[in-house]
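Enquirer: What follows is input-v4.pdb, made up of PDB, C-alpha atoms, pLDDT in the B column:
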```pdb
MODEL        1
ATOM      1  CA  MET A   1      18.522  -5.163  -6.980  1.00 93.00           C
ATOM      2  CA  LYS A   2      18.118  -4.906  -3.212  1.00 98.00           C
ATOM      3  CA  LEU A   3      14.409  -5.117  -2.379  1.00 98.00           C
ATOM      4  CA  ILE A   4      13.454  -4.758   1.289  1.00 98.00           C
ATOM      5  CA  ILE A   5      10.088  -5.607   2.838  1.00 97.00           C
ATOM      6  CA  ILE A   6       9.809  -3.628   6.075  1.00 96.00           C
ATOM      7  CA  ASN A   7       9.218  -6.196   8.797  1.00 94.00           C
ATOM      8  CA  TYR A   8       7.633  -4.491  11.806  1.00 92.00           C
ATOM      9  CA  GLY A   9       5.183  -7.150  12.970  1.00 85.00           C
ATOM     10  CA  ALA A  10       2.078  -6.012  11.054  1.00 80.00           C
ATOM     11  CA  GLY A  11       2.606  -7.256   7.544  1.00 72.00           C
ATOM     12  CA  ASN A  12       1.406  -9.886   5.106  1.00 72.00           C
ATOM     13  CA  ILE A  13       5.085 -10.393   4.345  1.00 91.00           C
ATOM     14  CA  LYS A  14       5.247 -14.037   3.243  1.00 92.00           C
ATOM     15  CA  SER A  15       2.718 -13.688   0.409  1.00 94.00           C
ATOM     16  CA  ILE A  16       4.505 -10.533  -0.793  1.00 96.00           C
ATOM     17  CA  GLN A  17       7.868 -12.288  -0.599  1.00 96.00           C
ATOM     18  CA  PHE A  18       6.522 -15.223  -2.651  1.00 96.00           C
ATOM     19  CA  ALA A  19       5.015 -12.851  -5.239  1.00 97.00           C
ATOM     20  CA  PHE A  20       8.415 -11.215  -5.822  1.00 98.00           C
ATOM     21  CA  ARG A  21      10.117 -14.623  -5.871  1.00 97.00           C
ATOM     22  CA  ARG A  22       7.792 -15.559  -8.773  1.00 97.00           C
ATOM     23  CA  LEU A  23       9.157 -12.434 -10.527  1.00 98.00           C
ATOM     24  CA  GLY A  24      12.721 -13.632  -9.938  1.00 97.00           C
ATOM     25  CA  VAL A  25      13.553 -11.195  -7.121  1.00 97.00           C
ATOM     26  CA  GLU A  26      14.448 -12.305  -3.601  1.00 97.00           C
ATOM     27  CA  ALA A  27      13.015  -9.747  -1.174  1.00 97.00           C
ATOM     28  CA  ILE A  28      14.777  -9.301   2.177  1.00 96.00           C
ATOM     29  CA  LEU A  29      12.700  -8.921   5.340  1.00 96.00           C
ATOM     30  CA  SER A  30      14.190  -6.250   7.585  1.00 96.00           C
ATOM     31  CA  SER A  31      13.498  -3.759  10.354  1.00 95.00           C
ATOM     32  CA  ASN A  32      17.134  -2.575  10.385  1.00 96.00           C
ATOM     33  CA  PRO A  33      17.238   1.172   9.544  1.00 97.00           C
ATOM     34  CA  ASP A  34      20.659   1.002   7.816  1.00 97.00           C
ATOM     35  CA  GLU A  35      19.583  -1.952   5.678  1.00 97.00           C
ATOM     36  CA  ILE A  36      16.294  -0.238   4.782  1.00 98.00           C
ATOM     37  CA  LYS A  37      18.101   3.011   3.837  1.00 98.00           C
ATOM     38  CA  SER A  38      20.479   1.075   1.552  1.00 98.00           C
ATOM     39  CA  ALA A  39      17.678  -0.653  -0.406  1.00 98.00           C
ATOM     40  CA  ASP A  40      16.933   0.090  -4.053  1.00 98.00           C
ATOM     41  CA  LYS A  41      13.189  -0.433  -3.534  1.00 98.00           C
ATOM     42  CA  ILE A  42      11.088  -0.796  -0.385  1.00 98.00           C
ATOM     43  CA  ILE A  43       7.753  -2.468   0.351  1.00 98.00           C
ATOM     44  CA  PHE A  44       5.804  -1.165   3.362  1.00 97.00           C
ATOM     45  CA  PRO A  45       3.177  -3.855   4.053  1.00 96.00           C
ATOM     46  CA  GLY A  46       0.417  -3.880   6.618  1.00 90.00           C
ATOM     47  CA  VAL A  47      -2.458  -5.980   7.839  1.00 86.00           C
ATOM     48  CA  GLY A  48      -4.363  -5.685  11.082  1.00 87.00           C
ATOM     49  CA  GLU A  49      -5.372  -2.676  13.143  1.00 94.00           C
ATOM     50  CA  ALA A  50      -3.933   0.791  12.532  1.00 96.00           C
ATOM     51  CA  SER A  51      -3.182   2.006  16.079  1.00 96.00           C
ATOM     52  CA  SER A  52      -1.313  -1.162  17.092  1.00 94.00           C
ATOM     53  CA  ALA A  53       0.628  -1.145  13.787  1.00 95.00           C
ATOM     54  CA  MET A  54       1.566   2.516  14.331  1.00 96.00           C
ATOM     55  CA  LYS A  55       2.652   1.698  17.888  1.00 95.00           C
ATOM     56  CA  MET A  56       5.008  -1.007  16.527  1.00 94.00           C
ATOM     57  CA  LEU A  57       6.430   1.474  13.993  1.00 95.00           C
ATOM     58  CA  LYS A  58       7.080   4.034  16.732  1.00 96.00           C
ATOM     59  CA  GLU A  59       8.710   1.488  19.035  1.00 95.00           C
ATOM     60  CA  SER A  60      11.175   0.581  16.276  1.00 94.00           C
ATOM     61  CA  GLY A  61      11.750   4.197  15.160  1.00 96.00           C
ATOM     62  CA  LEU A  62      10.516   3.355  11.670  1.00 97.00           C
ATOM     63  CA  ASP A  63       7.824   6.060  11.847  1.00 97.00           C
ATOM     64  CA  THR A  64      10.585   8.702  11.610  1.00 97.00           C
ATOM     65  CA  LEU A  65      12.786   6.750   9.171  1.00 98.00           C
ATOM     66  CA  ILE A  66      10.113   6.105   6.515  1.00 98.00           C
ATOM     67  CA  PRO A  67       9.474   9.801   5.616  1.00 98.00           C
ATOM     68  CA  THR A  68      13.210  10.313   4.975  1.00 98.00           C
ATOM     69  CA  LEU A  69      13.454   7.550   2.344  1.00 98.00           C
ATOM     70  CA  LYS A  70      14.421   8.698  -1.160  1.00 98.00           C
ATOM     71  CA  GLN A  71      14.024   5.441  -3.096  1.00 98.00           C
ATOM     72  CA  PRO A  72      10.666   4.108  -4.388  1.00 98.00           C
ATOM     73  CA  VAL A  73       8.465   2.917  -1.503  1.00 98.00           C
ATOM     74  CA  LEU A  74       5.239   0.934  -2.027  1.00 98.00           C
ATOM     75  CA  GLY A  75       2.720   0.843   0.814  1.00 98.00           C
ATOM     76  CA  ILE A  76       0.237  -2.026   0.565  1.00 97.00           C
ATOM     77  CA  CYS A  77      -3.209  -2.075   2.256  1.00 97.00           C
ATOM     78  CA  LEU A  78      -2.731  -0.861   5.862  1.00 96.00           C
ATOM     79  CA  GLY A  79       0.784   0.215   4.807  1.00 97.00           C
ATOM     80  CA  MET A  80      -0.794   2.734   2.397  1.00 98.00           C
ATOM     81  CA  GLN A  81      -3.269   3.901   5.063  1.00 98.00           C
ATOM     82  CA  LEU A  82      -0.478   4.509   7.590  1.00 98.00           C
ATOM     83  CA  LEU A  83       1.253   6.746   5.027  1.00 98.00           C
ATOM     84  CA  CYS A  84      -1.798   9.066   5.140  1.00 98.00           C
ATOM     85  CA  LYS A  85      -2.314  11.945   7.609  1.00 98.00           C
ATOM     86  CA  SER A  86      -4.672  10.020   9.875  1.00 98.00           C
ATOM     87  CA  THR A  87      -7.107   7.138  10.091  1.00 98.00           C
ATOM     88  CA  GLU A  88     -10.377   6.805  11.965  1.00 98.00           C
ATOM     89  CA  GLU A  89      -9.286   3.287  12.927  1.00 97.00           C
ATOM     90  CA  GLY A  90      -8.177   3.695  16.533  1.00 96.00           C
ATOM     91  CA  ASN A  91      -8.164   7.489  15.941  1.00 97.00           C
ATOM     92  CA  THR A  92      -4.570   7.119  14.713  1.00 97.00           C
ATOM     93  CA  LYS A  93      -2.199   9.818  13.461  1.00 98.00           C
ATOM     94  CA  GLY A  94      -0.412   8.564  10.355  1.00 98.00           C
ATOM     95  CA  ILE A  95       3.052   9.205   8.930  1.00 98.00           C
ATOM     96  CA  GLY A  96       1.648  12.023   6.759  1.00 98.00           C
ATOM     97  CA  ILE A  97       3.202  11.377   3.344  1.00 98.00           C
ATOM     98  CA  PHE A  98      -0.176  11.395   1.555  1.00 98.00           C
ATOM     99  CA  GLN A  99      -2.260  14.485   2.287  1.00 98.00           C
ATOM    100  CA  THR A 100      -5.519  12.675   2.913  1.00 98.00           C
ATOM    101  CA  ASP A 101      -7.387  10.964   5.726  1.00 98.00           C
ATOM    102  CA  VAL A 102      -8.651   7.415   6.071  1.00 98.00           C
ATOM    103  CA  LYS A 103     -12.340   6.929   6.926  1.00 98.00           C
ATOM    104  CA  ARG A 104     -14.492   3.908   7.775  1.00 98.00           C
ATOM    105  CA  PHE A 105     -16.949   2.684   5.156  1.00 98.00           C
ATOM    106  CA  ALA A 106     -20.555   3.576   5.988  1.00 96.00           C
ATOM    107  CA  ASN A 107     -22.852   0.839   7.226  1.00 93.00           C
ATOM    108  CA  ASP A 108     -24.854   0.864   3.982  1.00 95.00           C
ATOM    109  CA  VAL A 109     -22.257  -1.520   2.473  1.00 97.00           C
ATOM    110  CA  LYS A 110     -20.944  -4.837   3.766  1.00 97.00           C
ATOM    111  CA  VAL A 111     -17.861  -4.113   5.892  1.00 97.00           C
ATOM    112  CA  PRO A 112     -15.152  -5.188   5.337  1.00 97.00           C
ATOM    113  CA  GLN A 113     -15.059  -5.009   1.568  1.00 97.00           C
ATOM    114  CA  MET A 114     -13.662  -8.444   0.792  1.00 97.00           C
ATOM    115  CA  GLY A 115     -13.018  -9.756  -2.692  1.00 98.00           C
ATOM    116  CA  TRP A 116     -12.490  -8.497  -6.218  1.00 98.00           C
ATOM    117  CA  ASN A 117     -13.250  -4.956  -7.348  1.00 98.00           C
ATOM    118  CA  VAL A 118     -12.069  -2.778 -10.217  1.00 98.00           C
ATOM    119  CA  ILE A 119      -9.545   0.050 -10.282  1.00 98.00           C
ATOM    120  CA  LYS A 120     -10.018   2.925 -12.745  1.00 98.00           C
ATOM    121  CA  ASP A 121      -8.769   6.402 -13.695  1.00 98.00           C
ATOM    122  CA  LEU A 122      -5.226   5.031 -13.583  1.00 98.00           C
ATOM    123  CA  LYS A 123      -2.559   7.762 -13.602  1.00 97.00           C
ATOM    124  CA  SER A 124       0.933   6.417 -12.965  1.00 97.00           C
ATOM    125  CA  ASP A 125       3.726   4.305 -14.433  1.00 97.00           C
ATOM    126  CA  LEU A 126       2.837   1.900 -11.626  1.00 98.00           C
ATOM    127  CA  PHE A 127      -0.115   0.936 -13.856  1.00 98.00           C
ATOM    128  CA  LYS A 128       1.782   0.658 -17.153  1.00 98.00           C
ATOM    129  CA  GLY A 129       0.135  -2.153 -19.145  1.00 98.00           C
ATOM    130  CA  ILE A 130      -2.838  -2.374 -16.753  1.00 98.00           C
ATOM    131  CA  LYS A 131      -6.185  -1.745 -18.405  1.00 98.00           C
ATOM    132  CA  GLU A 132      -8.931   0.458 -16.981  1.00 98.00           C
ATOM    133  CA  ASN A 133     -11.414  -1.463 -14.808  1.00 98.00           C
ATOM    134  CA  GLU A 134      -8.905  -4.214 -14.039  1.00 98.00           C
ATOM    135  CA  TYR A 135      -9.917  -6.398 -11.091  1.00 98.00           C
ATOM    136  CA  MET A 136      -7.823  -6.344  -7.908  1.00 98.00           C
ATOM    137  CA  TYR A 137      -8.246  -8.190  -4.624  1.00 98.00           C
ATOM    138  CA  LEU A 138      -9.222  -6.067  -1.597  1.00 98.00           C
ATOM    139  CA  VAL A 139      -9.880  -6.695   2.095  1.00 96.00           C
ATOM    140  CA  HIS A 140     -10.509  -3.512   4.106  1.00 97.00           C
ATOM    141  CA  SER A 141     -12.967  -1.634   6.317  1.00 97.00           C
ATOM    142  CA  TYR A 142     -11.369   1.804   5.890  1.00 98.00           C
ATOM    143  CA  TYR A 143     -10.619   3.811   2.735  1.00 98.00           C
ATOM    144  CA  ALA A 144      -8.479   6.800   1.764  1.00 98.00           C
ATOM    145  CA  GLU A 145     -10.370   9.900   0.695  1.00 98.00           C
ATOM    146  CA  HIS A 146      -9.520  11.444  -2.673  1.00 97.00           C
ATOM    147  CA  CYS A 147      -6.754  14.023  -2.857  1.00 97.00           C
ATOM    148  CA  ASN A 148      -4.383  15.458  -5.483  1.00 97.00           C
ATOM    149  CA  GLU A 149      -2.234  12.323  -5.018  1.00 98.00           C
ATOM    150  CA  THR A 150      -4.963   9.866  -6.118  1.00 98.00           C
ATOM    151  CA  ILE A 151      -3.665   7.667  -8.969  1.00 98.00           C
ATOM    152  CA  ALA A 152      -6.470   5.043  -9.027  1.00 98.00           C
ATOM    153  CA  LYS A 153     -10.098   4.987  -7.927  1.00 98.00           C
ATOM    154  CA  THR A 154     -12.529   2.291  -6.826  1.00 98.00           C
ATOM    155  CA  ASP A 155     -16.263   2.339  -6.062  1.00 98.00           C
ATOM    156  CA  TYR A 156     -17.658   0.644  -2.967  1.00 98.00           C
ATOM    157  CA  GLY A 157     -20.649   2.584  -1.686  1.00 96.00           C
ATOM    158  CA  ILE A 158     -18.433   5.628  -2.278  1.00 97.00           C
ATOM    159  CA  ASN A 159     -15.743   6.469  -4.832  1.00 98.00           C
ATOM    160  CA  TYR A 160     -12.382   6.393  -3.017  1.00 98.00           C
ATOM    161  CA  ALA A 161      -8.633   6.470  -3.672  1.00 98.00           C
ATOM    162  CA  SER A 162      -7.461   2.882  -4.195  1.00 98.00           C
ATOM    163  CA  ALA A 163      -3.932   4.084  -5.032  1.00 98.00           C
ATOM    164  CA  LEU A 164      -1.897   7.177  -4.140  1.00 98.00           C
ATOM    165  CA  GLN A 165       1.451   8.654  -5.147  1.00 98.00           C
ATOM    166  CA  HIS A 166       3.564  11.454  -3.686  1.00 98.00           C
ATOM    167  CA  GLU A 167       7.052  11.781  -5.177  1.00 98.00           C
ATOM    168  CA  ASN A 168       8.825   8.431  -4.513  1.00 98.00           C
ATOM    169  CA  PHE A 169       5.999   7.103  -2.303  1.00 98.00           C
ATOM    170  CA  TYR A 170       3.290   4.885  -3.785  1.00 98.00           C
ATOM    171  CA  GLY A 171       0.370   3.277  -1.996  1.00 98.00           C
ATOM    172  CA  VAL A 172      -2.198   0.695  -3.063  1.00 98.00           C
ATOM    173  CA  GLN A 173      -5.253  -0.302  -1.034  1.00 98.00           C
ATOM    174  CA  PHE A 174      -5.570  -3.595  -2.904  1.00 98.00           C
ATOM    175  CA  HIS A 175      -3.247  -6.584  -2.565  1.00 97.00           C
ATOM    176  CA  PRO A 176      -1.192  -6.872  -5.773  1.00 98.00           C
ATOM    177  CA  GLU A 177       0.423 -10.042  -4.393  1.00 97.00           C
ATOM    178  CA  LYS A 178      -3.061 -11.673  -4.385  1.00 96.00           C
ATOM    179  CA  SER A 179      -4.350 -10.104  -7.602  1.00 97.00           C
ATOM    180  CA  SER A 180      -3.282 -12.680 -10.199  1.00 96.00           C
ATOM    181  CA  THR A 181      -1.459 -11.630 -13.384  1.00 97.00           C
ATOM    182  CA  ALA A 182      -2.448  -7.952 -13.204  1.00 98.00           C
ATOM    183  CA  GLY A 183      -1.195  -7.701  -9.612  1.00 98.00           C
ATOM    184  CA  ALA A 184       2.108  -9.303 -10.602  1.00 98.00           C
ATOM    185  CA  LYS A 185       2.409  -6.757 -13.428  1.00 98.00           C
ATOM    186  CA  ILE A 186       1.997  -3.901 -10.923  1.00 98.00           C
ATOM    187  CA  LEU A 187       4.755  -5.384  -8.736  1.00 98.00           C
ATOM    188  CA  GLN A 188       6.965  -5.719 -11.833  1.00 98.00           C
ATOM    189  CA  ASN A 189       6.217  -2.094 -12.747  1.00 98.00           C
ATOM    190  CA  PHE A 190       7.251  -1.043  -9.236  1.00 98.00           C
ATOM    191  CA  LEU A 191      10.567  -2.859  -9.657  1.00 98.00           C
ATOM    192  CA  GLU A 192      11.108  -0.969 -12.931  1.00 97.00           C
ATOM    193  CA  LEU A 193      10.342   2.530 -11.591  1.00 96.00           C
TER     194      LEU A 193
ENDMDL
END
```
Take the structure from the file and write it as structure tokens.

Expert:
Amino acid sequence: MKLIIINYGAGNIKSIQFAFRRLGVEAILSSNPDEIKSADKIIFPGVGEASSAMKMLKESGLDTLIPTLKQPVLGICLGMQLLCKSTEEGNTKGIGIFQTDVKRFANDVKVPQMGWNVIKDLKSDLFKGIKENEYMYLVHSYYAEHCNETIAKTDYGINYASALQHENFYGVQFHPEKSSTAGAKILQNFLEL
């Protein structure tokens, strides 16, 4: 299996690479469009600030390549947020796969949300073998609003979409690569889609 982690300068790529290595799969880091198009599965990571990450995607042409991909794509954290229509962070227009917007948490909760929280109302094969209210590791100040593509929910001052799916595109707000056995199971499920 050819697994590509899109390497565009805004990703937590090493921890994701190690997580797949523990599952027996060697992920390739790449920003090469031909290599990305030829992959069986693709990880779209992201950490940092949305507008600068989007700028890096545009400079490499990946912002127009990503929507054309036909194989399973998993956006993680900021990667998921960039797949949405827009984000309040840096007033950034997203890639627009998921028909929802990303908002900043209100000041009535500690921002960023950092640590373990549960996912519930699970609705996809991505969560096969994952029980309701399983704990996942999250670090974020912005959240995706609910839409028809919501496949998992989390509460943090507000109930929000902690996972999304549209056709072959999946997104998770949490970090499966840092979420112990359950996170590894989600990555394994992604490989088996």

Enquirer: First collect every listed atom of region 136-149 of chain A; then fit an axis-aligned box around them, widen it by 8 Å on each side, and give centre and edge lengths in Å to one decimal, as lines of an AutoDock Vina configuration file.

Expert:
```
center_x = -7.6
center_y = 3.6
center_z = -0.8
size_x = 26.7
size_y = 39.6
size_z = 30.2
```

Enquirer: Hey, which of A:Tyr8, A:Phe20, A:Ile43, A:Lys14 ends up closest to Asp63 (chain A)? Count all atoms listed in the file.

Expert: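 Going through A:Tyr8, A:Phe20, A:Ile43, A:Lys14 one by one, the smallest distance to Asp63 (chain A) is for A:Tyr8.
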
Enquirer: Distance CA of Gly46 (chain A)-CA of Asn159 (chain A), one decimal place?

Expert: 22.3 Å

Enquirer: Do you know which residues are at most 12 Å from Ala106 (chain A) counting all atoms listed in the file, after dropping those on the same chain fewer than 2 positions away, and could you put them as a PyMOL selection string?

Expert: chain A and resi 103-104+108-113+141-143+156-158

Enquirer: Find, counting all atoms listed in the file, the residue in A:Glu134, A:Glu49, A:Glu167, A:Glu26 that gets nearest to Leu3 (chain A).

Expert: A:Glu26

Enquirer: Given the point (-8.5, 6.8, -10.6) in the coordinates of this file, which residues lie within 7 Å, counting all atoms listed in the file, and how would they look as an MDAnalysis selection string?

Expert: chainID A and resid 119:123 150:153 161

Enquirer: Keeping only C-alpha atoms, write those residues as a short mmCIF file (atom, residue, chain, number, x, y, z; two decimals), in the frame of the given file.

Expert:
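Final output, saved to selection.cif:
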```cif
data_model
loop_
_atom_site.label_atom_id
_atom_site.label_comp_id
_atom_site.auth_asym_id
_atom_site.auth_seq_id
_atom_site.Cartn_x
_atom_site.Cartn_y
_atom_site.Cartn_z
CA ILE A 119 -9.54 0.05 -10.28
CA LYS A 120 -10.02 2.92 -12.74
CA ASP A 121 -8.77 6.40 -13.70
CA LEU A 122 -5.23 5.03 -13.58
CA LYS A 123 -2.56 7.76 -13.60
CA THR A 150 -4.96 9.87 -6.12
CA ILE A 151 -3.66 7.67 -8.97
CA ALA A 152 -6.47 5.04 -9.03
CA LYS A 153 -10.10 4.99 -7.93
CA ALA A 161 -8.63 6.47 -3.67
#
```

Enquirer: Report the distance between CA of Gly61 (chain A) and CA of Val25 (chain A) in Å, rounded to one decimal place.

Expert: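 Atom-to-atom, CA of Gly61 (chain A) and CA of Val25 (chain A) are spaced 27.1 Å apart.
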
Enquirer: Report the distance between CA of Glu88 (chain A) and CA of Thr100 (chain A) in Å, rounded to one decimal place.

Expert: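 Taking CA of Glu88 (chain A) and CA of Thr100 (chain A), their separation equals 11.8 Å.
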
Enquirer: Could you tell me, as an NGL selection string, exactly which residues end up selected when the PyMOL selection byres ((chain A and resi 115) around 12) is applied to this structure?

Expert: :A and (110-114 or 116-118 or 135-140 or 156 or 174-175 or 178-179)

Enquirer: Evaluate the PyMOL selection byres ((chain A and resi 37-42) around 9) against this structure - the residues, as a VMD selection string, please.

Expert: chain A and resid 1 to 6 32 to 36 43 to 44 65 to 66 68 to 75 190 to 191

Enquirer: Taking (-0.8, 12.0, 0.9) in the file's own coordinates, collect the residues within 8 Å, counting all atoms listed in the file, and hand them back as a ChimeraX atom specification.

Expert: /A:83-85,96-100,147,149,164-166

Enquirer: Produce a file of the selected residues containing C-alpha atoms, as a PDB file, keeping the file's coordinate frame.

Expert:
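Full text of part-v6.pdb as output:
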```pdb
ATOM      1  CA  LEU A  83       1.253   6.746   5.027  1.00 98.00           C
ATOM      2  CA  CYS A  84      -1.798   9.066   5.140  1.00 98.00           C
ATOM      3  CA  LYS A  85      -2.314  11.945   7.609  1.00 98.00           C
ATOM      4  CA  GLY A  96       1.648  12.023   6.759  1.00 98.00           C
ATOM      5  CA  ILE A  97       3.202  11.377   3.344  1.00 98.00           C
ATOM      6  CA  PHE A  98      -0.176  11.395   1.555  1.00 98.00           C
ATOM      7  CA  GLN A  99      -2.260  14.485   2.287  1.00 98.00           C
ATOM      8  CA  THR A 100      -5.519  12.675   2.913  1.00 98.00           C
ATOM      9  CA  CYS A 147      -6.754  14.023  -2.857  1.00 97.00           C
ATOM     10  CA  GLU A 149      -2.234  12.323  -5.018  1.00 98.00           C
ATOM     11  CA  LEU A 164      -1.897   7.177  -4.140  1.00 98.00           C
ATOM     12  CA  GLN A 165       1.451   8.654  -5.147  1.00 98.00           C
ATOM     13  CA  HIS A 166       3.564  11.454  -3.686  1.00 98.00           C
TER      14      HIS A 166
END
```

Enquirer: Name the closest residue to Gly90 (chain A) among the candidates A:Ser51, A:Ser60, A:Ser124, A:Thr181; distances are taken between atoms, counting all atoms listed in the file.

Expert: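 When distances to Gly90 (chain A) are compared using all atoms listed in the file, the smallest one comes from A:Ser51.
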
Enquirer: Given all atoms listed in the file as the basis, pick out the residue of A:Glu192, A:Glu89, A:Asp125, A:Glu177 nearest to Phe105 (chain A).

Expert: A:Glu89

Enquirer: So, counting all atoms listed in the file, which residue among A:Gly48, A:Leu29, A:Gly94, A:Arg22 is closest to Pro67 (chain A)?

Expert: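 Result for the nearest residue to Pro67 (chain A): A:Gly94.
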
Enquirer: Run the PyMOL selection byres ((chain A and resi 47) around 9) against the file shown and list the residues it catches, as a ChimeraX atom specification.

Expert: /A:10-12,45-46,48-50,53,76-79

Enquirer: Can I get the selection written as a PDB file, in the frame of the given file, with C-alpha atoms?

Expert:
```
ATOM      1  CA  ALA A  10       2.078  -6.012  11.054  1.00 80.00           C
ATOM      2  CA  GLY A  11       2.606  -7.256   7.544  1.00 72.00           C
ATOM      3  CA  ASN A  12       1.406  -9.886   5.106  1.00 72.00           C
ATOM      4  CA  PRO A  45       3.177  -3.855   4.053  1.00 96.00           C
ATOM      5  CA  GLY A  46       0.417  -3.880   6.618  1.00 90.00           C
ATOM      6  CA  GLY A  48      -4.363  -5.685  11.082  1.00 87.00           C
ATOM      7  CA  GLU A  49      -5.372  -2.676  13.143  1.00 94.00           C
ATOM      8  CA  ALA A  50      -3.933   0.791  12.532  1.00 96.00           C
ATOM      9  CA  ALA A  53       0.628  -1.145  13.787  1.00 95.00           C
ATOM     10  CA  ILE A  76       0.237  -2.026   0.565  1.00 97.00           C
ATOM     11  CA  CYS A  77      -3.209  -2.075   2.256  1.00 97.00           C
ATOM     12  CA  LEU A  78      -2.731  -0.861   5.862  1.00 96.00           C
ATOM     13  CA  GLY A  79       0.784   0.215   4.807  1.00 97.00           C
TER      14      GLY A  79
END
```

Enquirer: Taking into account only C-alpha atoms, which residue in the set A:Gln188, A:Ile13, A:Leu193, A:Asn148 is nearest to Asn168 (chain A)?

Expert: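 Going through A:Gln188, A:Ile13, A:Leu193, A:Asn148 one by one, the smallest distance to Asn168 (chain A) is for A:Leu193.
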